[in-house]
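Coordinates as given in structure_6.txt (compact mmCIF, C-alpha atoms):
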```txt
# COMPACT_ATOMS: atom_id res chain seq x y z
CA MET A 1 35.10 130.96 84.82
CA PRO A 2 38.47 130.58 83.08
CA THR A 3 40.13 127.22 83.72
CA ARG A 4 43.13 128.77 85.51
CA LEU A 5 40.91 130.70 87.91
CA PHE A 6 38.77 127.62 88.50
CA PHE A 7 41.74 125.52 89.53
CA LEU A 8 43.12 128.38 91.64
CA SER A 9 39.79 128.74 93.45
CA THR A 10 39.58 124.99 93.93
CA SER A 11 43.11 124.91 95.34
CA ILE A 12 42.37 127.70 97.81
CA ILE A 13 39.19 126.00 98.98
CA ALA A 14 40.98 122.65 99.35
CA SER A 15 43.80 124.28 101.34
CA ALA A 16 41.31 125.99 103.61
CA MET A 17 39.49 122.70 104.18
CA MET A 18 42.78 120.96 105.01
CA MET A 19 43.69 123.68 107.52
CA VAL A 20 40.29 123.32 109.21
CA SER A 21 40.69 119.53 109.23
CA CYS A 22 44.18 119.76 110.74
CA GLU A 23 42.94 122.13 113.44
CA LYS A 24 40.31 119.54 114.38
CA VAL A 25 42.80 116.66 114.39
CA LEU A 26 45.86 118.26 116.02
CA PRO A 27 45.70 118.75 119.79
CA PRO A 28 46.30 122.25 121.13
CA ALA A 29 49.86 123.05 122.18
CA PRO A 30 50.36 122.49 125.92
CA ALA A 31 50.60 125.55 128.12
CA ASP A 32 54.07 126.63 129.26
CA ASP A 33 53.28 125.62 132.84
CA GLN A 34 52.68 122.05 131.63
CA LEU A 35 56.16 121.75 130.12
CA LEU A 36 59.56 121.40 131.74
CA ASP A 37 61.57 122.09 128.62
CA GLY A 38 62.09 125.45 126.96
CA PRO A 39 64.60 128.27 127.43
CA VAL A 40 64.73 130.78 130.22
CA ALA A 41 63.16 134.09 129.21
CA GLY A 42 65.48 136.89 128.15
CA LEU A 43 68.11 135.11 126.05
CA ASN A 44 69.55 137.15 123.19
CA TYR A 45 69.70 135.86 119.61
CA GLU A 46 73.14 134.29 119.91
CA GLN A 47 72.24 132.62 123.19
CA SER A 48 68.96 131.34 121.75
CA GLN A 49 70.78 129.77 118.81
CA ARG A 50 73.26 128.12 121.14
CA PHE A 51 70.38 126.83 123.27
CA LEU A 52 68.79 125.28 120.17
CA SER A 53 72.07 123.62 119.20
CA GLY A 54 72.35 122.14 122.68
CA ASP A 55 68.71 121.06 122.54
CA VAL A 56 69.33 119.10 119.33
CA ALA A 57 72.45 117.44 120.75
CA PHE A 58 70.71 116.55 124.01
CA ASN A 59 67.35 115.35 122.70
CA ASP A 60 67.86 114.30 119.07
CA GLU A 61 71.35 112.77 118.90
CA ILE A 62 71.12 108.96 119.07
CA PHE A 63 74.44 107.19 119.44
CA THR A 64 75.28 103.95 117.64
CA PRO A 65 78.47 101.87 117.61
CA GLU A 66 79.49 103.77 114.48
CA LYS A 67 79.20 107.02 116.44
CA GLY A 68 81.18 105.70 119.40
CA LEU A 69 78.45 104.13 121.56
CA GLY A 70 79.83 101.90 124.30
CA PRO A 71 81.12 99.29 123.98
CA ALA A 72 79.37 99.06 127.35
CA PHE A 73 76.73 101.65 128.11
CA VAL A 74 73.49 102.51 129.89
CA ALA A 75 71.67 104.70 127.34
CA THR A 76 71.97 105.69 123.69
CA SER A 77 71.11 109.37 124.14
CA CYS A 78 70.82 112.08 126.78
CA GLY A 79 67.09 112.52 126.24
CA SER A 80 66.31 108.84 126.73
CA CYS A 81 66.93 109.25 130.46
CA HIS A 82 65.29 112.70 130.72
CA ALA A 83 62.20 112.63 128.50
CA GLY A 84 60.91 116.18 128.12
CA ASP A 85 63.70 117.17 130.54
CA GLY A 86 61.73 115.41 133.28
CA LYS A 87 62.56 112.70 135.79
CA GLY A 88 63.65 109.26 134.71
CA HIS A 89 61.74 105.99 134.96
CA PRO A 90 62.74 102.72 136.70
CA PHE A 91 63.78 101.44 133.27
CA THR A 92 66.34 104.26 133.02
CA THR A 93 67.52 104.07 136.63
CA LEU A 94 71.31 103.95 137.00
CA THR A 95 73.40 101.78 139.31
CA ARG A 96 76.44 103.24 141.01
CA PHE A 97 78.80 101.15 143.13
CA GLY A 98 82.08 100.88 144.94
CA GLN A 99 82.39 103.52 147.67
CA THR A 100 81.41 103.09 151.31
CA ASP A 101 83.10 106.04 153.02
CA GLU A 102 85.06 109.24 152.47
CA THR A 103 88.26 107.43 151.52
CA GLY A 104 87.12 107.02 147.91
CA ASN A 105 85.97 104.38 145.47
CA LYS A 106 88.00 101.16 145.63
CA PHE A 107 86.42 99.71 142.47
CA LEU A 108 87.37 102.28 139.83
CA GLU A 109 89.53 99.72 138.04
CA GLN A 110 86.64 97.26 138.02
CA GLY A 111 84.12 99.50 136.28
CA GLY A 112 83.15 101.88 139.09
CA PRO A 113 81.48 104.10 139.85
CA GLN A 114 78.85 103.51 137.16
CA LEU A 115 77.51 100.14 136.07
CA GLN A 116 77.20 99.90 132.29
CA ASN A 117 74.49 97.23 132.14
CA ARG A 118 74.21 97.07 128.34
CA ALA A 119 76.76 96.38 125.60
CA ILE A 120 77.07 96.46 121.83
CA PRO A 121 77.36 93.13 119.96
CA GLY A 122 80.59 91.30 120.70
CA PHE A 123 80.98 92.75 124.19
CA LEU A 124 79.58 91.88 127.61
CA PRO A 125 77.85 94.34 129.93
CA GLU A 126 79.47 95.01 133.28
CA GLN A 127 78.63 93.14 136.46
CA ILE A 128 78.85 94.55 139.98
CA PRO A 129 82.12 93.20 141.42
CA ALA A 130 82.02 90.97 144.49
CA GLY A 131 82.15 92.99 147.67
CA ALA A 132 80.98 96.27 146.14
CA THR A 133 78.02 98.07 147.68
CA PHE A 134 75.72 99.83 145.24
CA SER A 135 72.75 102.16 144.97
CA LYS A 136 70.09 102.85 142.34
CA PHE A 137 69.79 106.43 141.08
CA THR A 138 66.72 107.50 139.12
CA PRO A 139 67.62 110.33 136.70
CA PRO A 140 66.44 113.74 137.94
CA ALA A 141 64.62 116.45 136.01
CA ASN A 142 66.86 118.92 134.19
CA THR A 143 64.97 122.18 134.35
CA GLY A 144 66.31 125.16 136.25
CA LEU A 145 69.78 123.65 136.66
CA GLY A 146 71.49 126.86 135.58
CA PHE A 147 69.97 128.67 138.54
CA LEU A 148 71.15 125.98 140.96
CA GLU A 149 74.67 126.14 139.53
CA LEU A 150 74.86 129.85 140.36
CA VAL A 151 74.03 129.68 144.06
CA THR A 152 77.19 130.89 145.79
CA ASP A 153 79.25 128.83 148.21
CA GLU A 154 78.69 131.58 150.76
CA ASP A 155 74.93 131.06 150.61
CA LEU A 156 75.29 127.28 150.78
CA LEU A 157 77.46 127.54 153.88
CA ALA A 158 75.02 130.00 155.44
CA MET A 159 72.29 127.34 155.15
CA SER A 160 74.53 124.63 156.58
CA ASP A 161 74.16 123.91 160.29
CA PRO A 162 76.35 120.86 161.03
CA GLU A 163 75.98 121.20 164.81
CA ASP A 164 72.24 121.97 164.61
CA LEU A 165 72.75 125.16 166.57
CA ASP A 166 69.15 126.25 166.03
CA LYS A 167 67.89 122.91 167.46
CA ASP A 168 65.40 122.25 164.68
CA GLY A 169 66.69 118.73 164.10
CA ILE A 170 68.17 119.69 160.73
CA SER A 171 71.89 120.10 160.13
CA GLY A 172 72.71 120.03 156.42
CA VAL A 173 76.31 119.93 155.19
CA PRO A 174 77.99 120.46 151.81
CA ASN A 175 79.59 117.60 149.92
CA TYR A 176 83.28 118.45 149.62
CA ALA A 177 85.13 116.55 146.92
CA ASN A 178 87.88 116.83 144.31
CA PHE A 179 87.11 117.53 140.69
CA PRO A 180 88.97 116.62 137.47
CA ALA A 181 91.52 118.94 135.87
CA TYR A 182 89.15 120.21 133.18
CA VAL A 183 86.83 121.73 135.80
CA LEU A 184 87.57 125.27 136.95
CA PRO A 185 86.38 126.45 140.38
CA PHE A 186 83.74 129.13 140.61
CA ASN A 187 84.96 132.65 141.40
CA HIS A 188 82.95 132.46 144.61
CA ALA A 189 84.39 129.06 145.61
CA ILE A 190 85.22 128.50 149.28
CA PRO A 191 87.37 125.34 149.37
CA LYS A 192 88.12 123.26 152.43
CA ASN A 193 91.33 121.24 152.70
CA GLY A 194 91.78 121.50 148.96
CA LYS A 195 88.28 120.19 148.19
CA TYR A 196 85.30 122.06 146.79
CA ILE A 197 81.56 122.13 147.42
CA HIS A 198 79.73 119.99 144.87
CA ARG A 199 76.00 120.34 144.23
CA PHE A 200 74.62 118.11 141.43
CA GLY A 201 73.46 114.52 141.67
CA LYS A 202 71.75 112.43 144.34
CA LYS A 203 74.79 112.77 146.59
CA ALA A 204 75.90 116.17 145.23
CA ALA A 205 78.91 114.46 143.64
CA ALA A 206 79.19 116.67 140.54
CA TYR A 207 80.72 120.13 140.87
CA ASN A 208 79.09 121.95 137.96
CA LEU A 209 77.14 121.21 134.80
CA LEU A 210 80.26 120.65 132.72
CA HIS A 211 81.40 118.02 135.22
CA GLN A 212 77.93 116.44 135.19
CA THR A 213 77.66 116.44 131.39
CA VAL A 214 81.12 115.01 130.69
CA ASN A 215 80.51 112.24 133.24
CA ALA A 216 77.13 111.43 131.68
CA TYR A 217 78.55 111.14 128.17
CA ASN A 218 81.40 108.94 129.34
CA GLN A 219 79.71 106.73 131.91
CA ASP A 220 76.14 106.59 130.60
CA ILE A 221 76.76 106.38 126.85
CA GLY A 222 80.45 105.41 126.62
CA ILE A 223 81.35 108.57 124.68
CA THR A 224 84.76 110.13 125.23
CA SER A 225 85.50 113.82 124.83
CA SER A 226 88.53 116.09 124.97
CA PHE A 227 87.59 116.70 128.61
CA ASP A 228 87.62 113.01 129.51
CA PRO A 229 89.31 110.89 126.80
CA VAL A 230 89.54 107.74 128.95
CA ASP A 231 87.24 105.02 127.63
CA ALA A 232 85.01 103.77 130.46
CA TYR A 233 85.28 100.17 129.24
CA SER A 234 88.96 99.68 128.39
CA ARG A 235 90.32 102.41 130.69
CA LEU A 236 92.54 103.50 127.79
CA VAL A 237 92.90 107.01 126.38
CA ILE A 238 91.22 107.14 122.97
CA ASP A 239 90.30 109.87 120.48
CA PRO A 240 87.32 112.06 121.42
CA GLU A 241 84.03 110.69 120.11
CA ILE A 242 82.15 113.95 120.49
CA SER A 243 83.28 117.49 119.76
CA THR A 244 84.15 119.97 122.47
CA GLN A 245 81.68 122.41 120.92
CA THR A 246 78.84 119.90 121.25
CA VAL A 247 79.64 119.26 124.90
CA ASN A 248 79.72 123.01 125.57
CA ASN A 249 76.42 123.47 123.72
CA VAL A 250 74.76 120.80 125.87
CA VAL A 251 76.12 122.46 129.01
CA PHE A 252 74.71 125.80 127.85
CA TYR A 253 71.39 124.13 127.08
CA LEU A 254 71.21 122.73 130.62
CA GLN A 255 72.26 126.08 132.09
CA THR A 256 69.53 127.99 130.25
CA LEU A 257 66.57 125.64 130.59
CA LYS A 258 63.74 127.53 132.23
CA ALA A 259 62.65 126.99 135.80
CA PRO A 260 59.33 125.12 136.14
CA ILE A 261 56.28 127.39 136.18
CA PRO A 262 53.92 126.78 139.16
CA ARG A 263 50.34 125.87 138.34
CA ASN A 264 47.30 127.32 140.11
CA PRO A 265 49.32 129.26 142.70
CA ASN A 266 46.27 131.34 143.64
CA ASP A 267 44.06 128.32 144.37
CA ALA A 268 42.88 128.54 147.99
CA GLU A 269 43.79 124.93 148.79
CA VAL A 270 47.23 125.36 147.22
CA GLN A 271 47.85 128.45 149.35
CA LYS A 272 46.68 126.57 152.44
CA GLY A 273 49.08 123.75 151.58
CA ARG A 274 51.94 126.22 151.25
CA LEU A 275 51.27 127.56 154.76
CA LEU A 276 51.12 124.05 156.22
CA PHE A 277 54.34 123.13 154.38
CA ASP A 278 56.03 126.00 156.21
CA GLN A 279 54.39 125.23 159.55
CA ILE A 280 55.70 121.67 159.73
CA ASN A 281 59.14 122.91 158.58
CA CYS A 282 59.46 121.01 155.33
CA GLY A 283 61.26 124.16 154.21
CA GLY A 284 64.04 123.44 156.68
CA CYS A 285 65.61 121.34 153.91
CA HIS A 286 63.41 122.16 150.92
CA ARG A 287 64.22 125.89 150.94
CA PRO A 288 61.65 127.74 148.83
CA ASP A 289 63.83 130.73 147.93
CA LEU A 290 67.42 130.89 146.71
CA LYS A 291 69.30 133.46 144.67
CA THR A 292 71.95 133.33 141.97
CA GLY A 293 75.22 135.17 141.88
CA PHE A 294 76.68 136.80 138.81
CA SER A 295 76.37 135.16 135.40
CA PRO A 296 77.46 136.40 131.96
CA VAL A 297 73.99 135.26 130.87
CA GLY A 298 71.92 138.21 132.02
CA ALA A 299 68.74 136.13 132.32
CA LEU A 300 70.40 134.08 135.08
CA SER A 301 72.37 136.75 136.89
CA HIS A 302 71.35 137.86 140.42
CA GLN A 303 67.93 136.21 140.28
CA VAL A 304 65.70 135.03 143.13
CA PHE A 305 64.18 131.67 142.29
CA HIS A 306 62.10 128.99 144.01
CA PRO A 307 63.52 125.46 143.76
CA TYR A 308 62.62 124.05 147.21
CA THR A 309 66.08 122.72 147.99
CA ASP A 310 69.17 123.78 149.93
CA LEU A 311 71.56 121.67 147.79
CA LEU A 312 73.01 120.25 151.03
CA LEU A 313 73.45 116.73 152.33
CA HIS A 314 71.16 115.47 155.08
CA ASP A 315 71.05 112.34 157.22
CA MET A 316 67.92 110.59 155.96
CA GLY A 317 68.02 107.69 158.40
CA PRO A 318 68.80 103.96 158.19
CA GLY A 319 65.85 103.23 155.89
CA LEU A 320 67.52 105.18 153.09
CA ASP A 321 71.07 104.00 153.80
CA ASP A 322 72.16 102.04 150.72
CA GLY A 323 75.71 101.46 151.91
CA TYR A 324 77.08 103.48 148.99
CA THR A 325 78.33 107.04 148.83
CA GLU A 326 80.27 109.66 146.86
CA GLY A 327 82.65 112.45 147.85
CA SER A 328 82.48 113.32 151.54
CA ALA A 329 78.85 112.21 151.89
CA LYS A 330 77.98 109.44 154.31
CA THR A 331 76.04 106.41 153.08
CA PHE A 332 72.90 107.70 154.81
CA GLU A 333 73.25 111.27 153.52
CA TRP A 334 71.42 112.54 150.45
CA ARG A 335 71.27 115.92 148.78
CA THR A 336 67.91 117.64 149.11
CA PRO A 337 66.18 117.21 145.73
CA PRO A 338 64.46 120.30 144.30
CA LEU A 339 60.68 120.01 144.45
CA TRP A 340 59.89 122.38 141.60
CA GLY A 341 58.31 120.57 138.68
CA LEU A 342 57.20 117.74 140.99
CA GLY A 343 53.61 117.85 139.76
CA LEU A 344 54.77 117.20 136.19
CA SER A 345 56.90 114.16 137.07
CA PRO A 346 54.31 111.59 135.89
CA ASN A 347 54.58 113.07 132.37
CA SER A 348 58.03 111.45 132.01
CA GLN A 349 57.50 108.55 134.40
CA GLY A 350 54.81 106.61 132.60
CA GLY A 351 51.86 108.41 134.18
CA THR A 352 52.80 107.55 137.76
CA TYR A 353 55.31 108.71 140.37
CA HIS A 354 58.71 107.10 141.03
CA LEU A 355 60.23 109.29 143.74
CA MET A 356 63.15 109.30 146.18
CA HIS A 357 66.68 108.64 144.94
CA ASP A 358 65.83 105.22 143.50
CA GLY A 359 62.18 105.65 142.54
CA ARG A 360 60.93 103.44 145.38
CA ALA A 361 58.12 105.84 146.38
CA LYS A 362 55.05 105.53 144.16
CA SER A 363 53.34 108.68 145.45
CA ILE A 364 54.27 111.99 147.02
CA GLU A 365 52.75 110.89 150.33
CA GLU A 366 54.81 107.68 150.30
CA ALA A 367 57.95 109.75 149.68
CA ILE A 368 57.14 111.91 152.70
CA LEU A 369 56.61 108.86 154.90
CA LEU A 370 60.01 107.44 153.87
CA HIS A 371 61.79 110.47 155.34
CA GLY A 372 63.89 109.49 158.34
CA GLY A 373 66.79 111.07 160.20
CA GLU A 374 66.66 114.83 159.80
CA GLY A 375 63.34 114.50 157.96
CA SER A 376 61.66 112.61 160.80
CA ARG A 377 60.23 115.64 162.59
CA ALA A 378 58.51 117.06 159.50
CA ARG A 379 57.31 113.56 158.54
CA ASN A 380 55.78 113.04 161.99
CA GLU A 381 54.09 116.44 161.85
CA PHE A 382 52.64 115.52 158.45
CA VAL A 383 51.30 112.23 159.83
CA LYS A 384 49.46 114.09 162.59
CA LEU A 385 47.63 116.39 160.15
CA SER A 386 43.99 115.89 159.26
CA ASP A 387 43.18 114.27 155.94
CA ALA A 388 42.08 117.67 154.62
CA ASP A 389 45.36 119.30 155.60
CA LYS A 390 47.40 116.45 154.09
CA LYS A 391 45.42 116.83 150.88
CA ALA A 392 46.20 120.56 150.84
CA ILE A 393 49.97 119.94 151.20
CA LEU A 394 49.92 117.33 148.44
CA LYS A 395 47.99 119.69 146.15
CA PHE A 396 50.52 122.42 146.87
CA LEU A 397 53.42 120.11 146.04
CA LYS A 398 51.73 119.03 142.81
CA SER A 399 51.32 122.71 141.87
CA LEU A 400 55.08 123.33 141.90
```
What is this structure when it is put down as structure tokens?
Amino acid sequence: MPTRLFFLSTSIIASAMMMVSCEKVLPPAPADDQLLDGPVAGLNYEQSQRFLSGDVAFNDEIFTPEKGLGPAFVATSCGSCHAGDGKGHPFTTLTRFGQTDETGNKFLEQGGPQLQNRAIPGFLPEQIPAGATFSKFTPPANTGLGFLELVTDEDLLAMSDPEDLDKDGISGVPNYANFPAYVLPFNHAIPKNGKYIHRFGKKAAAYNLLHQTVNAYNQDIGITSSFDPVDAYSRLVIDPEISTQTVNNVVFYLQTLKAPIPRNPNDAEVQKGRLLFDQINCGGCHRPDLKTGFSPVGALSHQVFHPYTDLLLHDMGPGLDDGYTEGSAKTFEWRTPPLWGLGLSPNSQGGTYHLMHDGRAKSIEEAILLHGGEGSRARNEFVKLSDADKKAILKFLKSL
């Protein structure tokens, strides 16, 4: 055999052996229903490229002092609080302080509402001021947020029942609040006394995903933008430390993350759990079906989706009253968290659960038992179930 052909043949054989070896070493790619990240189906080429740009900015950009980090901060990147776009861990839990009622936060000039508990060299982290109440907020999962943003005010108000006219023990009210000048109201907005319905965050204190993103950059990482050029540490207006395009790309990324894909929906025990979930009226707050209004992104426009939330505030009883609030929410009121993706929460939480607003519940069952106030009736009905029926509900919830 000629030398050239010999080496060519040897190279091909070696490459084939390496491919076989890699296939044996590399684990298979996880199924889509095991992942929370990834784009919603149906994006066009331009939208897909913009999603990827936002993905890089959200998950790969690590901030340093040279890039504007701090000087006081909580995290050095977006993804560090939302690994795989999932829920945060106790180590990434945020502290918010300074507001006890609807009259507003009295500690804004003393670092409120967010505690920056870390600092770059030469600076000191913040401390909670004397007299300020506070609450711990574990970062939520990010997936499906674009669908939640597009639920109309009309639909939110239709789910609200402040006087509990249907006598099911559940009222549910929107969080009305003001928003900064850079935020524009939705076309479908239904304001009340000059304030608008907010929907994101533990207390529904953020109006839309732009509002949420700008706040996170500024208060979590200490990064100013053209939207909010006020440095969280000095309270002075400084030059933007991140481009407007990058902020908009991250917002688009969050808007077009896919909704979680249920696992084993046809399993008999999962289906039984779904029926029991309905029977004990967990769906009174955790609404299984919502729909979006119009969106210029066709993949999001006029879609029925299944988040298991009503995006409203509910009285959760004295056990969950942290003495802190935001907007028009009371200290004992919390926005219903979406349940979709719940079964994948341990993937980003160190292999275990850290549920409720502050991660205090270490299992789904413990989270259910912590429900008070408007959640008391469903909690009590759950307690009365047989062990087999409880197991079915928990398996259903883990399938979401």
Could you make a table, as CSV, of the residues of range 80-185 of chain A that have an atom within 6 Å of an atom of range 196-217 of chain A, each with its nearest atom pair and distance in Å to one decimal, counting only C-alpha atoms, in chain and number order?
```
residue,atom,partner,partner_atom,distance
A:Pro174,CA,A:Ile197,CA,5.9
A:Asn175,CA,A:Ile197,CA,5.5
A:Tyr176,CA,A:Ile197,CA,4.6
A:Ala177,CA,A:Tyr196,CA,5.5
```
Keeping only C-alpha atoms, write the selected residues to a file as a PDB file, in the coordinates of the input.
```pdb
ATOM      1  CA  PRO A 174      77.990 120.460 151.810  1.00  0.00           C
ATOM      2  CA  ASN A 175      79.590 117.600 149.920  1.00  0.00           C
ATOM      3  CA  TYR A 176      83.280 118.450 149.620  1.00  0.00           C
ATOM      4  CA  ALA A 177      85.130 116.550 146.920  1.00  0.00           C
TER       5      ALA A 177
END
```
Which residue of A:Leu254, A:Val304, A:Ala378, A:Leu370 approaches Gly144 in chain A most closely, using all atoms listed in the file: A:Leu254
Could you tell me how far CA of Gly146 in chain A lies from CA of Ala189 in chain A, in Å and to one decimal? 16.5 Å
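CA of Tyr308 in chain A sits 15.3 Å away from CA of Arg263 in chain A.
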For CA of Pro71 in chain A and CA of Gln99 in chain A, the interatomic separation in Å (one decimal): 24.1 Å
Any idea what's packed within 7 Å of Thr325 in chain A, counting only C-alpha atoms, ignoring anything in its chain fewer than 5 positions away? Could you give it as a PyMOL selection string? chain A and resi 99-101+330-331
Selected residue, from A:Arg50, A:Lys390, A:Lys192, A:His82, that lies nearest to Thr246 in chain A when counting only C-alpha atoms: A:Arg50
Which residue is closest to Gly343 in chain A? Choose from A:Phe123, A:Phe396, A:Phe73, A:Phe382 and count only C-alpha atoms.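 Answer, going by the shortest atom-to-atom distance: A:Phe396.
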From the set A:His286, A:Tyr324, A:Phe277, A:Gln255, which residue has the shortest atom-to-atom contact distance to Asn105 in chain A, counting all atoms listed in the file?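 Distance minimum relative to Asn105 in chain A lands on A:Tyr324.
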Nearest to Leu339 in chain A among A:Leu115, A:Lys87, A:Arg377, A:Asn218, with distances taken over all atoms listed in the file: which residue is it?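 With all atoms listed in the file as the atom set, the closest residue is A:Lys87.
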Near Val383 in chain A, within 12 Å and counting all atoms listed in the file, which residues show up once chain neighbours fewer than 4 positions away are dropped, as a PyMOL selection string? chain A and resi 280+365-366+368-371+376-379+387-391+393
Surrounding residues of Leu355 in chain A excluding itself and chain neighbours under 3 positions, 12 Å, all atoms listed in the file, as a PDB file with C-alpha atoms, in the frame of the given file:
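Full text of around-v4.pdb as output:
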```pdb
ATOM      1  CA  LYS A  87      62.560 112.700 135.790  1.00  0.00           C
ATOM      2  CA  GLY A  88      63.650 109.260 134.710  1.00  0.00           C
ATOM      3  CA  HIS A  89      61.740 105.990 134.960  1.00  0.00           C
ATOM      4  CA  PRO A  90      62.740 102.720 136.700  1.00  0.00           C
ATOM      5  CA  THR A  93      67.520 104.070 136.630  1.00  0.00           C
ATOM      6  CA  LYS A 136      70.090 102.850 142.340  1.00  0.00           C
ATOM      7  CA  PHE A 137      69.790 106.430 141.080  1.00  0.00           C
ATOM      8  CA  THR A 138      66.720 107.500 139.120  1.00  0.00           C
ATOM      9  CA  PRO A 139      67.620 110.330 136.700  1.00  0.00           C
ATOM     10  CA  PRO A 140      66.440 113.740 137.940  1.00  0.00           C
ATOM     11  CA  ALA A 141      64.620 116.450 136.010  1.00  0.00           C
ATOM     12  CA  LYS A 202      71.750 112.430 144.340  1.00  0.00           C
ATOM     13  CA  PRO A 337      66.180 117.210 145.730  1.00  0.00           C
ATOM     14  CA  PRO A 338      64.460 120.300 144.300  1.00  0.00           C
ATOM     15  CA  LEU A 339      60.680 120.010 144.450  1.00  0.00           C
ATOM     16  CA  LEU A 342      57.200 117.740 140.990  1.00  0.00           C
ATOM     17  CA  GLY A 343      53.610 117.850 139.760  1.00  0.00           C
ATOM     18  CA  SER A 345      56.900 114.160 137.070  1.00  0.00           C
ATOM     19  CA  PRO A 346      54.310 111.590 135.890  1.00  0.00           C
ATOM     20  CA  GLN A 349      57.500 108.550 134.400  1.00  0.00           C
ATOM     21  CA  THR A 352      52.800 107.550 137.760  1.00  0.00           C
ATOM     22  CA  ASP A 358      65.830 105.220 143.500  1.00  0.00           C
ATOM     23  CA  GLY A 359      62.180 105.650 142.540  1.00  0.00           C
ATOM     24  CA  ARG A 360      60.930 103.440 145.380  1.00  0.00           C
ATOM     25  CA  ALA A 361      58.120 105.840 146.380  1.00  0.00           C
ATOM     26  CA  LYS A 362      55.050 105.530 144.160  1.00  0.00           C
ATOM     27  CA  SER A 363      53.340 108.680 145.450  1.00  0.00           C
ATOM     28  CA  ILE A 364      54.270 111.990 147.020  1.00  0.00           C
ATOM     29  CA  GLU A 365      52.750 110.890 150.330  1.00  0.00           C
ATOM     30  CA  GLU A 366      54.810 107.680 150.300  1.00  0.00           C
ATOM     31  CA  ALA A 367      57.950 109.750 149.680  1.00  0.00           C
ATOM     32  CA  ILE A 368      57.140 111.910 152.700  1.00  0.00           C
ATOM     33  CA  LEU A 369      56.610 108.860 154.900  1.00  0.00           C
ATOM     34  CA  LEU A 370      60.010 107.440 153.870  1.00  0.00           C
ATOM     35  CA  HIS A 371      61.790 110.470 155.340  1.00  0.00           C
TER      36      HIS A 371
END
```
Given all atoms listed in the file as the basis, pick out the residue of A:Leu165, A:Leu300, A:Ala72, A:Leu150 nearest to Gly122 in chain A.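 Comparing A:Leu165, A:Leu300, A:Ala72, A:Leu150 against Gly122 in chain A, the winner is A:Ala72.
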I'd like the contact shell of Asp155 in chain A - 10 Å cut-off, only C-alpha atoms, skipping same-chain residues fewer than 5 positions apart - returned as number ranges by chain. A: 160, 290-293, 310
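Within 12 Å of Ser80 in chain A, once all atoms listed in the file are used and residues closer than 3 positions along the same chain are dropped, the contacting residues are Phe58, Asn59, Asp60, Glu61, Ile62, Phe63, Val74, Ala75, Thr76, Ser77, Ala83, Gly84, Asp85, Gly86, Lys87, Gly88, His89, Phe91, Thr92, Thr93, Pro139, Asp220, Ile221, Ser348 and Gln349 of chain A.
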